[in-house]
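As provided, model.cif (mmCIF, C-alpha atoms) reads as follows.
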data_final
loop_
_atom_site.label_atom_id
_atom_site.label_comp_id
_atom_site.auth_asym_id
_atom_site.auth_seq_id
_atom_site.Cartn_x
_atom_site.Cartn_y
_atom_site.Cartn_z
CA MET A 1 0.00 0.00 0.00
CA THR A 2 1.32 3.45 -0.86
CA ASN A 3 1.20 5.92 2.00
CA ASN A 4 0.35 9.60 1.68
CA LYS A 5 3.98 10.61 1.58
CA GLY A 6 4.61 8.13 -1.24
CA ARG A 7 1.70 9.47 -3.22
CA THR A 8 2.89 13.01 -2.67
CA ARG A 9 6.40 12.15 -3.87
CA ASN A 10 5.05 10.42 -6.99
CA ALA A 11 2.74 13.31 -7.79
CA LEU A 12 5.56 15.80 -7.29
CA ALA A 13 7.90 13.78 -9.51
CA THR A 14 5.32 13.60 -12.27
CA SER A 15 4.59 17.33 -11.97
CA LEU A 16 8.25 18.18 -12.22
CA ILE A 17 8.68 15.93 -15.25
CA MET A 18 5.68 17.47 -16.99
CA ALA A 19 7.06 20.90 -16.19
CA GLY A 20 10.24 19.83 -17.94
CA LEU A 21 8.22 18.76 -20.98
CA THR A 22 6.35 22.06 -21.05
CA PHE A 23 9.36 24.33 -20.78
CA ALA A 24 11.74 22.73 -23.25
CA ILE A 25 14.69 24.72 -24.52
CA PRO A 26 13.54 26.70 -27.56
CA ALA A 27 14.54 25.13 -30.88
CA THR A 28 14.89 26.42 -34.39
CA ALA A 29 13.58 24.60 -37.44
CA GLY A 30 15.89 21.91 -38.74
CA THR A 31 16.70 20.07 -35.52
CA ILE A 32 14.86 18.02 -32.93
CA ILE A 33 17.33 19.26 -30.30
CA GLY A 34 15.52 21.62 -27.94
CA SER A 35 12.14 20.93 -29.53
CA LYS A 36 9.05 19.66 -27.72
CA HIS A 37 10.11 16.12 -28.67
CA ASP A 38 13.53 16.46 -27.03
CA PHE A 39 13.10 14.60 -23.73
CA SER A 40 16.81 14.25 -23.04
CA THR A 41 16.61 16.38 -19.90
CA SER A 42 14.04 14.03 -18.34
CA ALA A 43 15.58 11.45 -16.01
CA TRP A 44 13.66 8.58 -17.62
CA ALA A 45 15.19 9.31 -21.04
CA GLY A 46 18.72 8.67 -19.82
CA GLY A 47 20.02 11.82 -21.52
CA GLU A 48 19.00 10.55 -24.97
CA ILE A 49 16.61 12.00 -27.55
CA CYS A 50 15.91 9.28 -30.11
CA ILE A 51 15.49 6.33 -27.72
CA VAL A 52 11.96 7.30 -26.68
CA CYS A 53 10.74 6.35 -30.17
CA HIS A 54 13.60 4.50 -31.87
CA THR A 55 16.26 1.93 -31.02
CA PRO A 56 19.12 0.40 -33.01
CA HIS A 57 18.48 -3.08 -31.59
CA ASN A 58 15.52 -5.29 -30.68
CA ALA A 59 13.05 -2.93 -32.30
CA THR A 60 9.37 -3.53 -32.93
CA THR A 61 8.75 -4.21 -36.61
CA LEU A 62 6.29 -1.64 -37.98
CA THR A 63 5.64 -0.59 -41.56
CA ASP A 64 5.38 3.10 -40.79
CA ALA A 65 8.29 3.58 -38.41
CA PRO A 66 11.92 2.52 -38.59
CA LEU A 67 13.32 0.68 -35.57
CA TRP A 68 10.32 1.52 -33.39
CA ASN A 69 10.88 1.45 -29.62
CA HIS A 70 7.73 2.87 -28.00
CA GLU A 71 4.63 1.08 -26.79
CA VAL A 72 1.85 1.39 -29.40
CA THR A 73 -1.66 2.40 -28.40
CA ALA A 74 -4.37 -0.26 -28.57
CA ALA A 75 -7.22 2.22 -28.12
CA THR A 76 -10.35 2.34 -30.24
CA PHE A 77 -11.10 5.91 -31.26
CA THR A 78 -14.26 7.87 -31.89
CA THR A 79 -13.51 9.44 -35.25
CA TYR A 80 -14.57 12.64 -36.97
CA ALA A 81 -17.89 12.59 -38.83
CA SER A 82 -19.63 15.37 -40.73
CA PRO A 83 -22.18 15.66 -43.54
CA THR A 84 -19.83 18.18 -45.15
CA PHE A 85 -17.15 15.54 -45.62
CA ASP A 86 -17.50 14.88 -49.34
CA GLY A 87 -16.24 12.47 -51.92
CA ASN A 88 -14.98 8.95 -51.63
CA ALA A 89 -12.98 9.51 -48.48
CA THR A 90 -13.64 7.16 -45.61
CA ILE A 91 -12.65 8.07 -42.09
CA GLY A 92 -11.83 4.85 -40.27
CA GLN A 93 -9.63 4.17 -37.28
CA PRO A 94 -6.31 6.05 -37.27
CA ASP A 95 -3.61 4.17 -39.12
CA GLY A 96 -0.07 4.57 -40.35
CA SER A 97 2.14 7.07 -38.58
CA SER A 98 -0.83 8.69 -36.83
CA VAL A 99 -1.16 5.63 -34.58
CA LEU A 100 2.42 6.24 -33.47
CA CYS A 101 1.67 9.88 -32.68
CA LEU A 102 -1.40 8.84 -30.71
CA SER A 103 0.72 6.37 -28.76
CA CYS A 104 1.65 9.36 -26.62
CA HIS A 105 -1.06 11.85 -27.51
CA ASP A 106 -4.17 9.78 -26.74
CA GLY A 107 -3.33 9.64 -23.03
CA THR A 108 -3.57 5.85 -22.76
CA VAL A 109 0.17 5.18 -23.06
CA ALA A 110 2.82 6.86 -20.95
CA VAL A 111 5.50 8.88 -22.71
CA ASP A 112 8.15 6.94 -20.79
CA SER A 113 6.75 3.55 -21.88
CA PHE A 114 9.47 2.44 -24.25
CA GLY A 115 11.69 -0.62 -24.61
CA GLY A 116 14.63 -1.09 -22.31
CA ASN A 117 13.30 1.45 -19.84
CA PRO A 118 12.67 0.55 -16.20
CA PRO A 119 8.97 0.31 -15.30
CA PRO A 120 7.55 3.64 -16.43
CA ILE A 121 6.79 6.37 -13.94
CA GLY A 122 3.61 6.95 -15.92
CA VAL A 123 4.31 10.34 -17.45
CA LEU A 124 1.27 11.27 -19.52
CA VAL A 125 0.93 14.07 -22.03
CA VAL A 126 -1.35 16.78 -20.64
CA PRO A 127 -4.08 18.75 -22.48
CA PRO A 128 -4.24 20.25 -25.00
CA ALA A 129 -1.58 17.90 -26.38
CA ASN A 130 -3.48 14.98 -24.84
CA LEU A 131 -6.26 14.47 -27.40
CA GLY A 132 -7.84 11.50 -25.67
CA THR A 133 -9.58 8.78 -27.66
CA ASP A 134 -12.49 10.95 -28.80
CA LEU A 135 -11.26 12.51 -32.04
CA SER A 136 -14.71 13.58 -33.20
CA ASN A 137 -13.86 17.24 -32.61
CA ASP A 138 -10.41 17.08 -34.22
CA HIS A 139 -9.42 17.46 -37.87
CA PRO A 140 -9.93 14.08 -39.57
CA ILE A 141 -6.86 11.95 -40.18
CA SER A 142 -5.96 8.72 -41.97
CA PHE A 143 -8.14 9.36 -45.01
CA THR A 144 -7.15 9.37 -48.67
CA TYR A 145 -6.74 12.89 -50.05
CA ASP A 146 -6.44 12.69 -53.82
CA ALA A 147 -7.61 14.34 -57.03
CA ALA A 148 -10.91 12.45 -56.84
CA LEU A 149 -11.69 13.91 -53.41
CA ALA A 150 -10.76 17.40 -54.61
CA ALA A 151 -13.06 16.97 -57.63
CA ALA A 152 -15.92 15.93 -55.35
CA ASP A 153 -15.28 18.80 -52.95
CA PRO A 154 -14.60 22.15 -54.65
CA GLY A 155 -13.42 23.48 -51.30
CA LEU A 156 -10.22 21.46 -51.60
CA PHE A 157 -7.20 21.97 -53.82
CA ASP A 158 -6.06 19.11 -56.01
CA PRO A 159 -3.11 17.74 -54.00
CA THR A 160 -1.37 16.46 -57.12
CA THR A 161 -1.19 19.87 -58.83
CA THR A 162 -1.16 22.36 -55.93
CA SER A 163 2.29 23.41 -54.71
CA VAL A 164 3.16 24.16 -51.08
CA THR A 165 6.29 25.18 -49.23
CA ILE A 166 6.99 23.79 -45.77
CA GLY A 167 9.58 25.03 -43.30
CA THR A 168 11.20 28.41 -43.03
CA GLY A 169 14.51 30.17 -43.62
CA ALA A 170 17.22 27.96 -45.08
CA LYS A 171 15.25 24.81 -44.20
CA THR A 172 12.38 24.63 -46.69
CA LYS A 173 10.94 22.18 -49.18
CA THR A 174 8.55 22.90 -52.05
CA GLY A 175 6.41 20.56 -54.10
CA PRO A 176 2.88 19.22 -54.61
CA ILE A 177 0.77 18.62 -51.51
CA SER A 178 0.73 14.93 -52.40
CA ASP A 179 4.53 14.72 -52.24
CA ILE A 180 5.26 17.16 -49.43
CA MET A 181 2.44 16.68 -46.92
CA LEU A 182 0.71 13.35 -47.52
CA LEU A 183 1.91 9.94 -46.38
CA SER A 184 1.09 7.10 -48.77
CA GLY A 185 -1.61 9.32 -50.19
CA LYS A 186 -3.27 9.93 -46.83
CA LEU A 187 -3.57 12.94 -44.58
CA GLN A 188 -2.03 12.06 -41.22
CA CYS A 189 -0.91 13.92 -38.10
CA ALA A 190 2.48 14.35 -39.74
CA SER A 191 0.91 16.15 -42.69
CA CYS A 192 0.65 19.26 -40.53
CA HIS A 193 3.15 18.52 -37.74
CA ASP A 194 6.81 17.60 -38.21
CA VAL A 195 7.67 15.26 -35.35
CA HIS A 196 11.42 15.84 -35.81
CA ASN A 197 11.13 19.63 -36.25
CA GLY A 198 12.91 19.30 -39.59
CA PHE A 199 10.72 21.53 -41.75
CA THR A 200 8.64 23.72 -39.46
CA ASP A 201 7.44 27.29 -39.27
CA GLY A 202 5.95 28.37 -35.97
CA PRO A 203 4.85 26.68 -32.75
CA LYS A 204 3.47 23.16 -32.28
CA LEU A 205 5.88 21.75 -34.86
CA LEU A 206 3.69 23.08 -37.69
CA ARG A 207 5.07 22.51 -41.18
CA ILE A 208 3.50 25.78 -42.36
CA SER A 209 2.83 28.80 -40.17
CA ASN A 210 -0.88 29.21 -39.53
CA ALA A 211 -0.62 32.99 -39.42
CA GLY A 212 -3.55 34.21 -41.46
CA SER A 213 -4.72 30.55 -41.56
CA ALA A 214 -1.96 29.80 -44.09
CA LEU A 215 -1.68 26.16 -43.05
CA CYS A 216 -5.42 25.61 -43.38
CA MET A 217 -5.52 27.28 -46.79
CA ALA A 218 -2.66 25.20 -48.11
CA CYS A 219 -5.29 22.51 -48.72
CA HIS A 220 -8.61 24.32 -48.34
CA ASP A 221 -9.58 26.55 -51.29
CA LYS A 222 -11.34 29.39 -49.47
#

With the file now loaded, output its structure as structure tokens.
Amino acid sequence: MTNNKGRTRNALATSLIMAGLTFAIPATAGTIIGSKHDFSTSAWAGGEICIVCHTPHNATTLTDAPLWNHEVTAATFTTYASPTFDGNATIGQPDGSSVLCLSCHDGTVAVDSFGGNPPPIGVLVVPPANLGTDLSNDHPISFTYDAALAAADPGLFDPTTTSVTIGTGAKTKTGPISDIMLLSGKLQCASCHDVHNGFTDGPKLLRISNAGSALCMACHDK
């Protein structure tokens, strides 16, 4: 049985860790170092950055992630639904790389739950980064975004012919939406957010700054 002092110590430890996650050293685009995904200053990360998600040995074999090292969520999600969602797109359960993102951001798996780590302290992502398992009020993910969908919905640009630029400064990349922002033809979490902070412009690891709703209007023809 855990006494009150024990509970207080555990709560304090978790609070301090979450404080460390919240106040990461500011980073510039082009490096994960100092970004919100740099957990190297947390005791449970052992001073490393990559190990929380990747490992060179004894990795979990996944199609959408090289040398994966983190526990994967097994949650069933409530997905987005709207009568305005046109075309042939089907919104099913999150798949691909979005499942890996949700393996921290759905709040069912601890951030420190990765291979080779001692039993996790149970550090959970806090709101608003903790999306939970109800995604019905979040932008849909894991659906096919192609020319057929754009033809069915005049409010969308054709991703095969519309050019976008992600990143900022000396770290940018330009090309069709389908090449630059989609993963295997689908819109995923990583379409808008760059997990490694490689090509970003603004907070929340956004690939395109949303000043003036620029990120939204990269795909939405408004």

- Task: Name every residue that the PyMOL selection byres ((chain A and resi 60-68) around 12) selects in this structure, writing the answer as an MDAnalysis selection string with chains first and numbers rising.
- Result: chainID A and resid 50:59 69:72 95:101 103 114:115 183:184 188 190

- Task: I need the residue set behind the PyMOL selection byres ((chain A and resi 207) around 10) for this file; please write it as a ChimeraX atom specification.
- Result: /A:29,165-168,172-173,180-181,190-195,197-206,208-210,215

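When only C-alpha atoms are used to compute distances to Ala218 in chain A, the closest of the residues A:Gln93, A:Thr162, A:Thr76, A:Ser178 turns out to be A:Thr162.
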
- So how many Å separate CA of Leu149 in chain A and CA of Thr133 in chain A, to one decimal? 26.3 Å

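You will find CA of His196 in chain A at 10.5 Å from CA of Ile49 in chain A.
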
- Message: One decimal, in Å: what's the spacing between CA of Val125 in chain A and CA of His37 in chain A?
- Response: 11.5 Å

Would you be able to write out as a PDB file with C-alpha atoms, in the coordinates of the input which residues have an atom within 12 Å of (-9.3, 19.3, -34.8) in the file's coordinates, counting only C-alpha atoms?
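Once everything was written out, this is point24.pdb:
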ATOM      1  CA  THR A  79     -13.510   9.440 -35.250  1.00  0.00           C
ATOM      2  CA  TYR A  80     -14.570  12.640 -36.970  1.00  0.00           C
ATOM      3  CA  ALA A  81     -17.890  12.590 -38.830  1.00  0.00           C
ATOM      4  CA  PRO A 128      -4.240  20.250 -25.000  1.00  0.00           C
ATOM      5  CA  ALA A 129      -1.580  17.900 -26.380  1.00  0.00           C
ATOM      6  CA  LEU A 131      -6.260  14.470 -27.400  1.00  0.00           C
ATOM      7  CA  ASP A 134     -12.490  10.950 -28.800  1.00  0.00           C
ATOM      8  CA  LEU A 135     -11.260  12.510 -32.040  1.00  0.00           C
ATOM      9  CA  SER A 136     -14.710  13.580 -33.200  1.00  0.00           C
ATOM     10  CA  ASN A 137     -13.860  17.240 -32.610  1.00  0.00           C
ATOM     11  CA  ASP A 138     -10.410  17.080 -34.220  1.00  0.00           C
ATOM     12  CA  HIS A 139      -9.420  17.460 -37.870  1.00  0.00           C
ATOM     13  CA  PRO A 140      -9.930  14.080 -39.570  1.00  0.00           C
ATOM     14  CA  ILE A 141      -6.860  11.950 -40.180  1.00  0.00           C
ATOM     15  CA  CYS A 189      -0.910  13.920 -38.100  1.00  0.00           C
ATOM     16  CA  CYS A 192       0.650  19.260 -40.530  1.00  0.00           C
ATOM     17  CA  CYS A 216      -5.420  25.610 -43.380  1.00  0.00           C
TER      18      CYS A 216
END

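With distances restricted to all atoms listed in the file, A:Thr84 is the closest residue to Asp153 in chain A from A:Thr108, A:Thr84, A:Ser213, A:Thr31.
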
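When all atoms listed in the file are used to measure the gap to Ala152 in chain A, the shortest distance among A:Trp44, A:Gly132, A:Val164, A:Phe85 belongs to A:Phe85.
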
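Minimum distance to Pro127 in chain A across A:Glu48, A:Phe143, A:Thr78, A:Asp106 (counting only C-alpha atoms) occurs at A:Asp106.
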
- Item | Proximity to His220 in chain A - best of A:Asp158, A:Asp146, A:Asp38, A:Asp112, all atoms listed in the file | A:Asp158
